[in-house]
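Visitor: Structure file entry-v9.tsv (TSV, C-alpha atoms) is given on the next line.
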chain	number	residue	atom	x	y	z
G	1	MET	CA	-24.64	9.85	3.00
G	2	ILE	CA	-21.54	11.64	1.74
G	3	TRP	CA	-21.95	12.19	-2.00
G	4	PHE	CA	-19.31	13.33	-4.49
G	5	GLU	CA	-20.67	16.88	-4.10
G	6	ASP	CA	-19.92	16.77	-0.35
G	7	PHE	CA	-16.16	16.34	-0.91
G	8	THR	CA	-15.55	20.07	-0.91
G	9	VAL	CA	-11.96	21.26	-1.37
G	10	GLY	CA	-10.31	21.74	2.02
G	11	ARG	CA	-12.71	19.50	3.92
G	12	VAL	CA	-10.81	17.46	6.53
G	13	PHE	CA	-11.94	14.06	7.72
G	14	GLU	CA	-10.67	12.95	11.13
G	15	LEU	CA	-10.38	9.17	10.91
G	16	GLY	CA	-9.85	8.28	14.57
G	17	SER	CA	-6.88	6.38	15.94
G	18	VAL	CA	-5.47	2.88	16.35
G	19	THR	CA	-2.81	1.46	18.65
G	20	VAL	CA	-0.36	-0.90	16.97
G	21	THR	CA	0.70	-3.89	19.07
G	22	GLU	CA	3.87	-5.94	18.67
G	23	GLU	CA	1.67	-8.96	18.03
G	24	ALA	CA	-0.15	-7.23	15.17
G	25	ILE	CA	3.13	-6.01	13.63
G	26	ILE	CA	4.56	-9.54	13.64
G	27	GLU	CA	1.33	-11.14	12.41
G	28	PHE	CA	0.97	-8.81	9.40
G	29	ALA	CA	4.64	-8.99	8.48
G	30	SER	CA	4.81	-12.78	8.83
G	31	GLN	CA	2.12	-12.97	6.16
G	32	PHE	CA	3.12	-10.13	3.83
G	33	ASP	CA	6.54	-8.62	4.60
G	34	PRO	CA	8.78	-11.12	6.42
G	35	GLN	CA	11.87	-8.94	6.84
G	36	PRO	CA	13.60	-9.54	10.20
G	37	PHE	CA	13.07	-5.94	11.40
G	38	HIS	CA	9.30	-6.52	10.98
G	39	THR	CA	9.03	-10.07	12.37
G	40	ASP	CA	11.85	-10.74	14.86
G	41	PRO	CA	12.28	-8.42	17.88
G	42	VAL	CA	15.79	-9.75	18.59
G	43	ALA	CA	17.09	-9.40	15.02
G	44	ALA	CA	15.34	-6.00	14.79
G	45	ARG	CA	17.44	-4.66	17.68
G	46	GLU	CA	20.56	-5.36	15.63
G	47	SER	CA	19.11	-3.69	12.52
G	48	SER	CA	19.48	-0.05	11.46
G	49	PHE	CA	16.05	0.58	13.04
G	50	GLY	CA	17.18	-0.51	16.53
G	51	GLY	CA	13.97	-2.43	17.19
G	52	LEU	CA	10.82	-3.88	15.68
G	53	ILE	CA	8.94	-1.64	13.21
G	54	ALA	CA	5.70	-2.14	11.28
G	55	SER	CA	5.68	-2.95	7.58
G	56	GLY	CA	4.78	0.13	5.55
G	57	TRP	CA	2.01	-1.90	3.91
G	58	HIS	CA	0.65	-2.58	7.40
G	59	THR	CA	0.57	1.14	8.25
G	60	GLY	CA	-1.15	1.82	4.94
G	61	SER	CA	-3.68	-0.94	5.54
G	62	LEU	CA	-4.44	0.48	9.00
G	63	TRP	CA	-5.12	3.87	7.39
G	64	MET	CA	-7.38	2.13	4.86
G	65	ARG	CA	-9.42	0.54	7.65
G	66	MET	CA	-9.96	3.86	9.40
G	67	TYR	CA	-10.86	5.60	6.13
G	68	ALA	CA	-13.28	2.80	5.18
G	69	ASP	CA	-15.00	2.93	8.57
G	70	THR	CA	-15.31	6.69	8.97
G	71	VAL	CA	-15.70	7.93	5.37
G	72	LEU	CA	-16.25	5.25	2.71
G	73	ALA	CA	-18.98	3.48	4.69
G	74	GLN	CA	-21.10	6.63	4.24
G	75	THR	CA	-20.43	6.93	0.49
G	76	ASP	CA	-21.31	5.24	-2.78
G	77	SER	CA	-17.64	4.25	-3.19
G	78	ARG	CA	-16.65	3.13	-6.69
G	79	GLY	CA	-13.05	2.17	-5.88
G	80	SER	CA	-9.68	3.86	-6.40
G	81	PRO	CA	-7.43	4.13	-9.47
G	82	GLY	CA	-4.32	4.64	-7.35
G	83	MET	CA	-2.10	6.80	-5.18
G	84	GLU	CA	0.79	9.24	-5.59
G	85	GLN	CA	3.81	10.04	-3.43
G	86	LEU	CA	3.35	7.58	-0.62
G	87	ARG	CA	5.98	8.35	2.02
G	88	TRP	CA	6.99	6.41	5.11
G	89	TRP	CA	8.57	9.26	7.06
G	90	ALA	CA	9.29	7.59	10.39
G	91	PRO	CA	9.18	4.09	11.88
G	92	VAL	CA	6.00	2.75	13.52
G	93	ARG	CA	6.91	0.87	16.69
G	94	PRO	CA	4.98	-1.44	19.04
G	95	GLY	CA	2.62	0.57	21.26
G	96	ASP	CA	2.43	3.55	18.91
G	97	THR	CA	-1.01	5.13	18.57
G	98	LEU	CA	-1.63	6.42	15.05
G	99	SER	CA	-4.24	9.04	14.16
G	100	GLY	CA	-5.43	9.44	10.59
G	101	THR	CA	-6.62	12.46	8.64
G	102	THR	CA	-7.72	12.84	5.03
G	103	THR	CA	-8.09	16.25	3.35
G	104	VAL	CA	-9.90	16.94	0.06
G	105	ILE	CA	-7.52	18.54	-2.49
G	106	ALA	CA	-9.66	18.45	-5.63
G	107	ALA	CA	-12.92	16.99	-6.93
G	108	ASN	CA	-13.67	16.44	-10.61
G	109	PRO	CA	-16.89	15.07	-12.13
G	110	SER	CA	-16.32	12.19	-14.54
G	111	SER	CA	-16.47	13.08	-18.23
G	112	LYS	CA	-17.42	9.47	-19.01
G	113	ASP	CA	-20.00	8.66	-16.35
G	114	PRO	CA	-22.44	11.35	-15.15
G	115	THR	CA	-23.20	9.30	-12.00
G	116	ARG	CA	-19.70	9.62	-10.50
G	117	GLY	CA	-16.73	11.86	-9.84
G	118	THR	CA	-13.09	11.53	-8.74
G	119	VAL	CA	-11.86	13.02	-5.47
G	120	ILE	CA	-8.15	13.69	-4.86
G	121	THR	CA	-7.09	13.60	-1.23
G	122	GLU	CA	-4.00	14.06	0.94
G	123	SER	CA	-3.81	11.70	3.89
G	124	ALA	CA	-1.53	11.37	6.88
G	125	MET	CA	-0.93	9.06	9.82
G	126	THR	CA	0.55	10.78	12.89
G	127	ASN	CA	1.85	9.10	16.03
G	128	GLN	CA	1.27	10.00	19.68
G	129	ASP	CA	4.27	12.37	19.63
G	130	GLY	CA	2.88	14.37	16.71
G	131	VAL	CA	5.30	12.83	14.21
G	132	VAL	CA	3.85	12.15	10.75
G	133	VAL	CA	4.81	8.53	10.04
G	134	MET	CA	3.11	8.18	6.64
G	135	SER	CA	1.54	10.46	4.04
G	136	MET	CA	0.13	9.99	0.57
G	137	SER	CA	-2.09	11.46	-2.08
G	138	GLY	CA	-4.94	9.18	-3.09
G	139	ARG	CA	-7.76	9.17	-5.60
G	140	GLY	CA	-11.22	7.78	-5.10
G	141	MET	CA	-14.33	7.57	-7.24
G	142	PHE	CA	-17.69	8.35	-5.64
G	143	GLY	CA	-21.31	8.35	-6.68
G	144	ARG	CA	-22.92	11.76	-7.29
G	145	ARG	CA	-25.97	12.95	-5.42
G	146	PRO	CA	-29.05	11.64	-7.24
G	147	ALA	CA	-31.02	14.39	-8.98
A	1	MET	CA	23.90	-11.83	-1.52
A	2	ILE	CA	22.51	-9.04	-3.69
A	3	TRP	CA	24.36	-5.83	-2.77
A	4	PHE	CA	23.48	-2.27	-3.80
A	5	GLU	CA	26.05	-2.60	-6.61
A	6	ASP	CA	24.13	-5.58	-8.02
A	7	PHE	CA	21.00	-3.50	-8.70
A	8	THR	CA	22.15	-2.56	-12.20
A	9	VAL	CA	19.83	-0.39	-14.28
A	10	GLY	CA	17.55	-2.54	-16.39
A	11	ARG	CA	17.92	-5.67	-14.27
A	12	VAL	CA	14.57	-7.48	-14.01
A	13	PHE	CA	13.61	-9.63	-11.04
A	14	GLU	CA	10.94	-12.25	-11.64
A	15	LEU	CA	9.08	-12.59	-8.35
A	16	GLY	CA	7.05	-15.73	-8.99
A	17	SER	CA	3.27	-15.95	-8.75
A	18	VAL	CA	0.41	-16.30	-6.29
A	19	THR	CA	-3.20	-17.40	-6.70
A	20	VAL	CA	-5.74	-15.24	-4.88
A	21	THR	CA	-8.63	-17.12	-3.31
A	22	GLU	CA	-12.06	-15.74	-2.42
A	23	GLU	CA	-11.34	-16.68	1.19
A	24	ALA	CA	-8.11	-14.66	1.24
A	25	ILE	CA	-9.79	-11.64	-0.39
A	26	ILE	CA	-12.55	-11.64	2.23
A	27	GLU	CA	-10.15	-12.26	5.13
A	28	PHE	CA	-7.83	-9.38	4.22
A	29	ALA	CA	-10.67	-6.97	3.49
A	30	SER	CA	-12.59	-7.86	6.64
A	31	GLN	CA	-9.56	-6.74	8.62
A	32	PHE	CA	-8.36	-3.75	6.57
A	33	ASP	CA	-10.80	-2.65	3.85
A	34	PRO	CA	-14.37	-3.70	4.69
A	35	GLN	CA	-16.12	-2.32	1.61
A	36	PRO	CA	-18.94	-4.62	0.41
A	37	PHE	CA	-17.31	-5.28	-2.99
A	38	HIS	CA	-14.28	-6.67	-1.08
A	39	THR	CA	-16.09	-8.63	1.65
A	40	ASP	CA	-19.56	-9.69	0.46
A	41	PRO	CA	-19.89	-11.76	-2.75
A	42	VAL	CA	-23.64	-11.07	-2.99
A	43	ALA	CA	-23.39	-7.29	-2.51
A	44	ALA	CA	-20.36	-7.26	-4.84
A	45	ARG	CA	-22.46	-8.65	-7.70
A	46	GLU	CA	-24.70	-5.57	-7.43
A	47	SER	CA	-21.71	-3.19	-7.36
A	48	SER	CA	-20.06	-1.47	-10.32
A	49	PHE	CA	-17.44	-4.27	-10.27
A	50	GLY	CA	-20.02	-7.02	-10.88
A	51	GLY	CA	-18.42	-9.36	-8.33
A	52	LEU	CA	-15.93	-9.68	-5.50
A	53	ILE	CA	-12.57	-7.94	-6.02
A	54	ALA	CA	-9.45	-7.78	-3.85
A	55	SER	CA	-8.56	-4.66	-1.87
A	56	GLY	CA	-5.77	-2.73	-3.58
A	57	TRP	CA	-3.83	-2.89	-0.32
A	58	HIS	CA	-4.15	-6.67	-0.47
A	59	THR	CA	-2.71	-6.81	-4.00
A	60	GLY	CA	0.12	-4.53	-2.90
A	61	SER	CA	0.81	-6.68	0.16
A	62	LEU	CA	0.92	-9.81	-2.03
A	63	TRP	CA	3.53	-8.10	-4.23
A	64	MET	CA	5.48	-7.16	-1.09
A	65	ARG	CA	5.55	-10.81	0.04
A	66	MET	CA	6.89	-12.01	-3.30
A	67	TYR	CA	9.50	-9.22	-3.41
A	68	ALA	CA	10.58	-9.94	0.17
A	69	ASP	CA	10.95	-13.66	-0.52
A	70	THR	CA	12.74	-13.50	-3.86
A	71	VAL	CA	14.82	-10.29	-3.60
A	72	LEU	CA	14.95	-8.66	-0.15
A	73	ALA	CA	15.80	-11.92	1.64
A	74	GLN	CA	19.12	-11.91	-0.26
A	75	THR	CA	19.94	-8.27	0.50
A	76	ASP	CA	21.00	-6.07	3.40
A	77	SER	CA	17.63	-4.27	3.21
A	78	ARG	CA	17.47	-0.94	5.04
A	79	GLY	CA	13.79	-0.23	4.41
A	80	SER	CA	11.90	2.03	2.00
A	81	PRO	CA	11.16	5.76	2.05
A	82	GLY	CA	8.09	5.36	-0.14
A	83	MET	CA	6.48	4.80	-3.51
A	84	GLU	CA	5.29	6.86	-6.48
A	85	GLN	CA	2.42	6.44	-8.95
A	86	LEU	CA	0.78	3.34	-7.58
A	87	ARG	CA	-1.96	2.32	-10.03
A	88	TRP	CA	-4.69	-0.28	-9.70
A	89	TRP	CA	-5.39	-0.81	-13.40
A	90	ALA	CA	-7.83	-3.71	-13.29
A	91	PRO	CA	-9.78	-5.69	-10.68
A	92	VAL	CA	-8.27	-8.76	-9.01
A	93	ARG	CA	-10.91	-11.47	-8.74
A	94	PRO	CA	-11.11	-14.81	-6.87
A	95	GLY	CA	-9.00	-17.45	-8.60
A	96	ASP	CA	-6.73	-14.94	-10.37
A	97	THR	CA	-3.05	-15.88	-10.50
A	98	LEU	CA	-0.79	-12.84	-10.23
A	99	SER	CA	2.83	-12.75	-11.36
A	100	GLY	CA	5.19	-10.08	-10.11
A	101	THR	CA	8.15	-8.36	-11.71
A	102	THR	CA	10.44	-5.60	-10.45
A	103	THR	CA	12.82	-3.70	-12.75
A	104	VAL	CA	15.72	-1.49	-11.65
A	105	ILE	CA	15.29	2.09	-12.97
A	106	ALA	CA	18.07	3.89	-11.10
A	107	ALA	CA	20.58	3.33	-8.30
A	108	ASN	CA	22.18	6.15	-6.30
A	109	PRO	CA	24.77	5.81	-3.53
A	110	SER	CA	23.82	7.68	-0.36
A	111	SER	CA	25.56	11.02	0.17
A	112	LYS	CA	25.04	10.65	3.92
A	113	ASP	CA	25.93	7.03	4.59
A	114	PRO	CA	28.75	5.35	2.61
A	115	THR	CA	27.44	1.91	3.60
A	116	ARG	CA	24.16	2.18	1.65
A	117	GLY	CA	22.45	3.33	-1.53
A	118	THR	CA	18.91	3.89	-2.82
A	119	VAL	CA	17.46	1.84	-5.66
A	120	ILE	CA	14.46	3.06	-7.68
A	121	THR	CA	12.33	0.31	-9.20
A	122	GLU	CA	9.25	-0.15	-11.36
A	123	SER	CA	7.06	-3.07	-10.35
A	124	ALA	CA	4.03	-4.75	-11.83
A	125	MET	CA	1.53	-7.47	-11.01
A	126	THR	CA	0.04	-9.21	-14.05
A	127	ASN	CA	-2.83	-11.69	-14.09
A	128	GLN	CA	-3.16	-15.02	-15.93
A	129	ASP	CA	-4.61	-13.22	-18.97
A	130	GLY	CA	-1.58	-10.93	-19.29
A	131	VAL	CA	-3.45	-7.93	-17.89
A	132	VAL	CA	-1.40	-5.64	-15.64
A	133	VAL	CA	-3.56	-5.22	-12.53
A	134	MET	CA	-1.17	-3.04	-10.49
A	135	SER	CA	2.00	-1.06	-11.08
A	136	MET	CA	4.12	1.29	-9.03
A	137	SER	CA	7.51	2.89	-8.68
A	138	GLY	CA	9.20	2.11	-5.38
A	139	ARG	CA	12.37	3.09	-3.58
A	140	GLY	CA	14.49	0.86	-1.38
A	141	MET	CA	17.70	1.35	0.58
A	142	PHE	CA	20.31	-1.42	0.44
A	143	GLY	CA	23.68	-2.10	2.00
A	144	ARG	CA	26.72	-1.69	-0.27
A	145	ARG	CA	29.18	-4.48	-0.96
A	146	PRO	CA	31.78	-4.47	1.82
A	147	ALA	CA	35.20	-3.34	0.65
Give the structure from this file in structure tokens form.

Guide:
Amino acid sequence: MIWFEDFTVGRVFELGSVTVTEEAIIEFASQFDPQPFHTDPVAARESSFGGLIASGWHTGSLWMRMYADTVLAQTDSRGSPGMEQLRWWAPVRPGDTLSGTTTVIAANPSSKDPTRGTVITESAMTNQDGVVVMSMSGRGMFGRRPA
Amino acid sequence: MIWFEDFTVGRVFELGSVTVTEEAIIEFASQFDPQPFHTDPVAARESSFGGLIASGWHTGSLWMRMYADTVLAQTDSRGSPGMEQLRWWAPVRPGDTLSGTTTVIAANPSSKDPTRGTVITESAMTNQDGVVVMSMSGRGMFGRRPA
């Protein structure tokens, strides 16, 4: 188990990687973000992006999956109140392989609930060329180590 | 068409509404956020949320779909550099009906590209009881009205 106390400032979690297919980009965007540069390879070539790119919500959701599998699954996760400064720095294109990292920035015990604390993190998704495509600062609440 | 010049400060876009089913919550979370309180109604009852709740990325993606359909589809959308201060204020539960609004906060012509400008917005998702479940400040780039 990873308890609140184990989120020490500076600790880095490597979240693994995922390859984004054209099919997955179109499937996600058709459901949630049907802009032509996310759903239509032909129209996307004529757009300012010059080809199909993933919805930013798709890239974020892919990060979430990696974080849930590699970190949250080992915690007593109590949910998240939100995120700051989400940035989509560069397009995600079909065939890109994205690697995720999450770094602990701060950890504060709850003043309301002695069984939990809030952890502030900085996360990034980086493509196969070393380009950061997305970054954000998130907050998560975690159960404390039982006495 | 809605051009950059039409995003006047204070303009409010009503984005319509969507009802969130238990099936949709589980389907999204199984793919992108497989925490038990998002995927397993029985385990969710034992969690601090007392029942199944939607992934925050799901709620955000549902907002994105409404915004794409009602606003972006009428624009020359050039994508988004990111978001600030995303907050998940309250749980989204099966059967909830969420209504979206997006308000224009600022609009700045690009100093690099005379054909576009950046619009800063504040958005919210509100449930059937009038409770704001999510809010955020987003940025979008839009084509300017042709001369």

Visitor: For chain G, work out the contacting residues on chain A at 7 Å, counting only C-alpha atoms, and write them as a ChimeraX atom specification.

Guide: /A:32-35,48,57,61-62,64-65,68,78,81-89

Visitor: What's around G:Thr121 at 9 Å? Count only C-alpha atoms, leave out sequence neighbours fewer than 2 positions away in its own chain, and write the answer as a PyMOL selection string.

Guide: chain G and resi 102-107+119+123+136-140

Visitor: To one decimal place, how far is atom CA of A:Thr97 from atom CA of A:Asn127 in Å?

Guide: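 That distance, rounded to one decimal, is 5.5 Å.
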
Visitor: Would you mind telling me which residue in G:Phe4, G:Val71, G:Glu14, G:Pro41 lies nearest to G:Pro114 when using all atoms listed in the file?

Guide: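 Smallest separation from G:Pro114 among the options: G:Phe4.
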
Visitor: By how many Å are atom CA of G:Val20 and atom CA of A:Ile26 apart?

Guide: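 Taking atom CA of G:Val20 as the start and atom CA of A:Ile26 as the end point, the length is 21.9 Å.
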
Visitor: Work out how far apart atom CA of A:Thr59 and atom CA of G:Ile53 are and give it in Å to one decimal.

Guide: 21.4 Å

Visitor: Padding 3 Å on every side, please: axis-aligned box over the listed atoms of stretch 134-143 of chain G, centre and edge lengths to one decimal in Å, as AutoDock Vina command-line options.

Guide:
--center_x -9.1 --center_y 9.5 --center_z -0.3 --size_x 30.4 --size_y 9.9 --size_z 19.9

Visitor: Which of these residues is nearest to G:Gly95, using all atoms listed in the file: G:Met1, G:Thr8, G:Leu52, G:Met141?

Guide: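 Ranked by minimum distance to G:Gly95, first place goes to G:Leu52.
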
Visitor: Skip A:Arg144 itself and residues of its chain fewer than 6 positions away, then list as a PyMOL selection string all residues within 7 Å of it, counting all atoms listed in the file.

Guide: chain A and resi 3-5+115-117

Visitor: Taking 3 positions as the minimum chain separation for residues in the same chain, which residues sit within 6 Å of A:Ile2 when counting all atoms listed in the file? Answer as a VMD selection string.

Guide: chain A and resid 6 74 to 75

Visitor: Could you add the missing atoms to stretch 7-18 of chain A, up to all heavy atoms, and return them as a PDB file, in the coordinates of the input?

Guide:
ATOM      1  N   PHE A   7      22.238  -4.038  -8.121  1.00  0.00           N
ATOM      2  CA  PHE A   7      21.000  -3.500  -8.700  1.00  0.00           C
ATOM      3  C   PHE A   7      21.371  -2.630  -9.904  1.00  0.00           C
ATOM      4  O   PHE A   7      21.343  -1.404  -9.860  1.00  0.00           O
ATOM      5  CB  PHE A   7      20.220  -2.689  -7.654  1.00  0.00           C
ATOM      6  CG  PHE A   7      19.560  -3.522  -6.594  1.00  0.00           C
ATOM      7  CD1 PHE A   7      20.206  -3.807  -5.398  1.00  0.00           C
ATOM      8  CD2 PHE A   7      18.283  -4.049  -6.798  1.00  0.00           C
ATOM      9  CE1 PHE A   7      19.593  -4.579  -4.416  1.00  0.00           C
ATOM     10  CE2 PHE A   7      17.666  -4.823  -5.814  1.00  0.00           C
ATOM     11  CZ  PHE A   7      18.331  -5.090  -4.633  1.00  0.00           C
ATOM     12  N   THR A   8      21.736  -3.291 -11.001  1.00  0.00           N
ATOM     13  CA  THR A   8      22.150  -2.560 -12.200  1.00  0.00           C
ATOM     14  C   THR A   8      20.903  -2.137 -12.975  1.00  0.00           C
ATOM     15  O   THR A   8      19.898  -2.863 -13.028  1.00  0.00           O
ATOM     16  CB  THR A   8      23.030  -3.470 -13.077  1.00  0.00           C
ATOM     17  OG1 THR A   8      22.392  -4.751 -13.200  1.00  0.00           O
ATOM     18  CG2 THR A   8      24.394  -3.667 -12.432  1.00  0.00           C
ATOM     19  N   VAL A   9      20.986  -0.949 -13.561  1.00  0.00           N
ATOM     20  CA  VAL A   9      19.830  -0.390 -14.280  1.00  0.00           C
ATOM     21  C   VAL A   9      19.388  -1.335 -15.380  1.00  0.00           C
ATOM     22  O   VAL A   9      20.213  -1.810 -16.169  1.00  0.00           O
ATOM     23  CB  VAL A   9      20.175   1.008 -14.846  1.00  0.00           C
ATOM     24  CG1 VAL A   9      19.040   1.533 -15.732  1.00  0.00           C
ATOM     25  CG2 VAL A   9      20.450   1.985 -13.698  1.00  0.00           C
ATOM     26  N   GLY A  10      18.099  -1.639 -15.398  1.00  0.00           N
ATOM     27  CA  GLY A  10      17.550  -2.540 -16.390  1.00  0.00           C
ATOM     28  C   GLY A  10      17.403  -3.974 -15.908  1.00  0.00           C
ATOM     29  O   GLY A  10      16.715  -4.770 -16.543  1.00  0.00           O
ATOM     30  N   ARG A  11      18.039  -4.302 -14.778  1.00  0.00           N
ATOM     31  CA  ARG A  11      17.920  -5.670 -14.270  1.00  0.00           C
ATOM     32  C   ARG A  11      16.467  -5.946 -13.867  1.00  0.00           C
ATOM     33  O   ARG A  11      15.822  -5.128 -13.203  1.00  0.00           O
ATOM     34  CB  ARG A  11      18.837  -5.871 -13.056  1.00  0.00           C
ATOM     35  CG  ARG A  11      18.809  -7.298 -12.532  1.00  0.00           C
ATOM     36  CD  ARG A  11      19.888  -7.560 -11.497  1.00  0.00           C
ATOM     37  NE  ARG A  11      19.793  -8.932 -10.998  1.00  0.00           N
ATOM     38  CZ  ARG A  11      20.602  -9.462 -10.089  1.00  0.00           C
ATOM     39  NH1 ARG A  11      21.590  -8.743  -9.577  1.00  0.00           N
ATOM     40  NH2 ARG A  11      20.442 -10.717  -9.687  1.00  0.00           N
ATOM     41  N   VAL A  12      15.956  -7.102 -14.292  1.00  0.00           N
ATOM     42  CA  VAL A  12      14.570  -7.480 -14.010  1.00  0.00           C
ATOM     43  C   VAL A  12      14.566  -8.653 -13.027  1.00  0.00           C
ATOM     44  O   VAL A  12      15.259  -9.652 -13.252  1.00  0.00           O
ATOM     45  CB  VAL A  12      13.829  -7.896 -15.297  1.00  0.00           C
ATOM     46  CG1 VAL A  12      12.399  -8.321 -14.982  1.00  0.00           C
ATOM     47  CG2 VAL A  12      13.848  -6.753 -16.316  1.00  0.00           C
ATOM     48  N   PHE A  13      13.809  -8.520 -11.975  1.00  0.00           N
ATOM     49  CA  PHE A  13      13.610  -9.630 -11.040  1.00  0.00           C
ATOM     50  C   PHE A  13      12.229 -10.229 -11.272  1.00  0.00           C
ATOM     51  O   PHE A  13      11.222  -9.521 -11.224  1.00  0.00           O
ATOM     52  CB  PHE A  13      13.703  -9.137  -9.583  1.00  0.00           C
ATOM     53  CG  PHE A  13      15.053  -8.598  -9.207  1.00  0.00           C
ATOM     54  CD1 PHE A  13      15.323  -7.237  -9.255  1.00  0.00           C
ATOM     55  CD2 PHE A  13      16.069  -9.459  -8.797  1.00  0.00           C
ATOM     56  CE1 PHE A  13      16.569  -6.737  -8.907  1.00  0.00           C
ATOM     57  CE2 PHE A  13      17.323  -8.967  -8.449  1.00  0.00           C
ATOM     58  CZ  PHE A  13      17.576  -7.606  -8.504  1.00  0.00           C
ATOM     59  N   GLU A  14      12.213 -11.529 -11.547  1.00  0.00           N
ATOM     60  CA  GLU A  14      10.940 -12.250 -11.640  1.00  0.00           C
ATOM     61  C   GLU A  14      10.599 -12.728 -10.239  1.00  0.00           C
ATOM     62  O   GLU A  14      11.404 -13.402  -9.587  1.00  0.00           O
ATOM     63  CB  GLU A  14      11.069 -13.459 -12.582  1.00  0.00           C
ATOM     64  CG  GLU A  14      11.499 -13.121 -14.000  1.00  0.00           C
ATOM     65  CD  GLU A  14      10.393 -12.464 -14.812  1.00  0.00           C
ATOM     66  OE1 GLU A  14       9.217 -12.514 -14.375  1.00  0.00           O
ATOM     67  OE2 GLU A  14      10.713 -11.905 -15.879  1.00  0.00           O
ATOM     68  N   LEU A  15       9.415 -12.371  -9.766  1.00  0.00           N
ATOM     69  CA  LEU A  15       9.080 -12.590  -8.350  1.00  0.00           C
ATOM     70  C   LEU A  15       8.228 -13.824  -8.104  1.00  0.00           C
ATOM     71  O   LEU A  15       7.843 -14.084  -6.966  1.00  0.00           O
ATOM     72  CB  LEU A  15       8.356 -11.355  -7.797  1.00  0.00           C
ATOM     73  CG  LEU A  15       9.035  -9.994  -8.031  1.00  0.00           C
ATOM     74  CD1 LEU A  15       8.221  -8.890  -7.371  1.00  0.00           C
ATOM     75  CD2 LEU A  15      10.477  -9.975  -7.538  1.00  0.00           C
ATOM     76  N   GLY A  16       7.913 -14.571  -9.170  1.00  0.00           N
ATOM     77  CA  GLY A  16       7.050 -15.730  -8.990  1.00  0.00           C
ATOM     78  C   GLY A  16       5.589 -15.350  -9.094  1.00  0.00           C
ATOM     79  O   GLY A  16       5.260 -14.277  -9.618  1.00  0.00           O
ATOM     80  N   SER A  17       4.703 -16.220  -8.616  1.00  0.00           N
ATOM     81  CA  SER A  17       3.270 -15.950  -8.750  1.00  0.00           C
ATOM     82  C   SER A  17       2.499 -16.442  -7.534  1.00  0.00           C
ATOM     83  O   SER A  17       3.009 -17.238  -6.739  1.00  0.00           O
ATOM     84  CB  SER A  17       2.723 -16.601 -10.023  1.00  0.00           C
ATOM     85  OG  SER A  17       2.838 -18.005  -9.935  1.00  0.00           O
ATOM     86  N   VAL A  18       1.281 -15.939  -7.409  1.00  0.00           N
ATOM     87  CA  VAL A  18       0.410 -16.300  -6.290  1.00  0.00           C
ATOM     88  C   VAL A  18      -1.032 -16.329  -6.794  1.00  0.00           C
ATOM     89  O   VAL A  18      -1.422 -15.484  -7.605  1.00  0.00           O
ATOM     90  CB  VAL A  18       0.575 -15.290  -5.124  1.00  0.00           C
ATOM     91  CG1 VAL A  18       0.184 -13.880  -5.553  1.00  0.00           C
ATOM     92  CG2 VAL A  18      -0.224 -15.714  -3.902  1.00  0.00           C
TER      93      VAL A  18
END
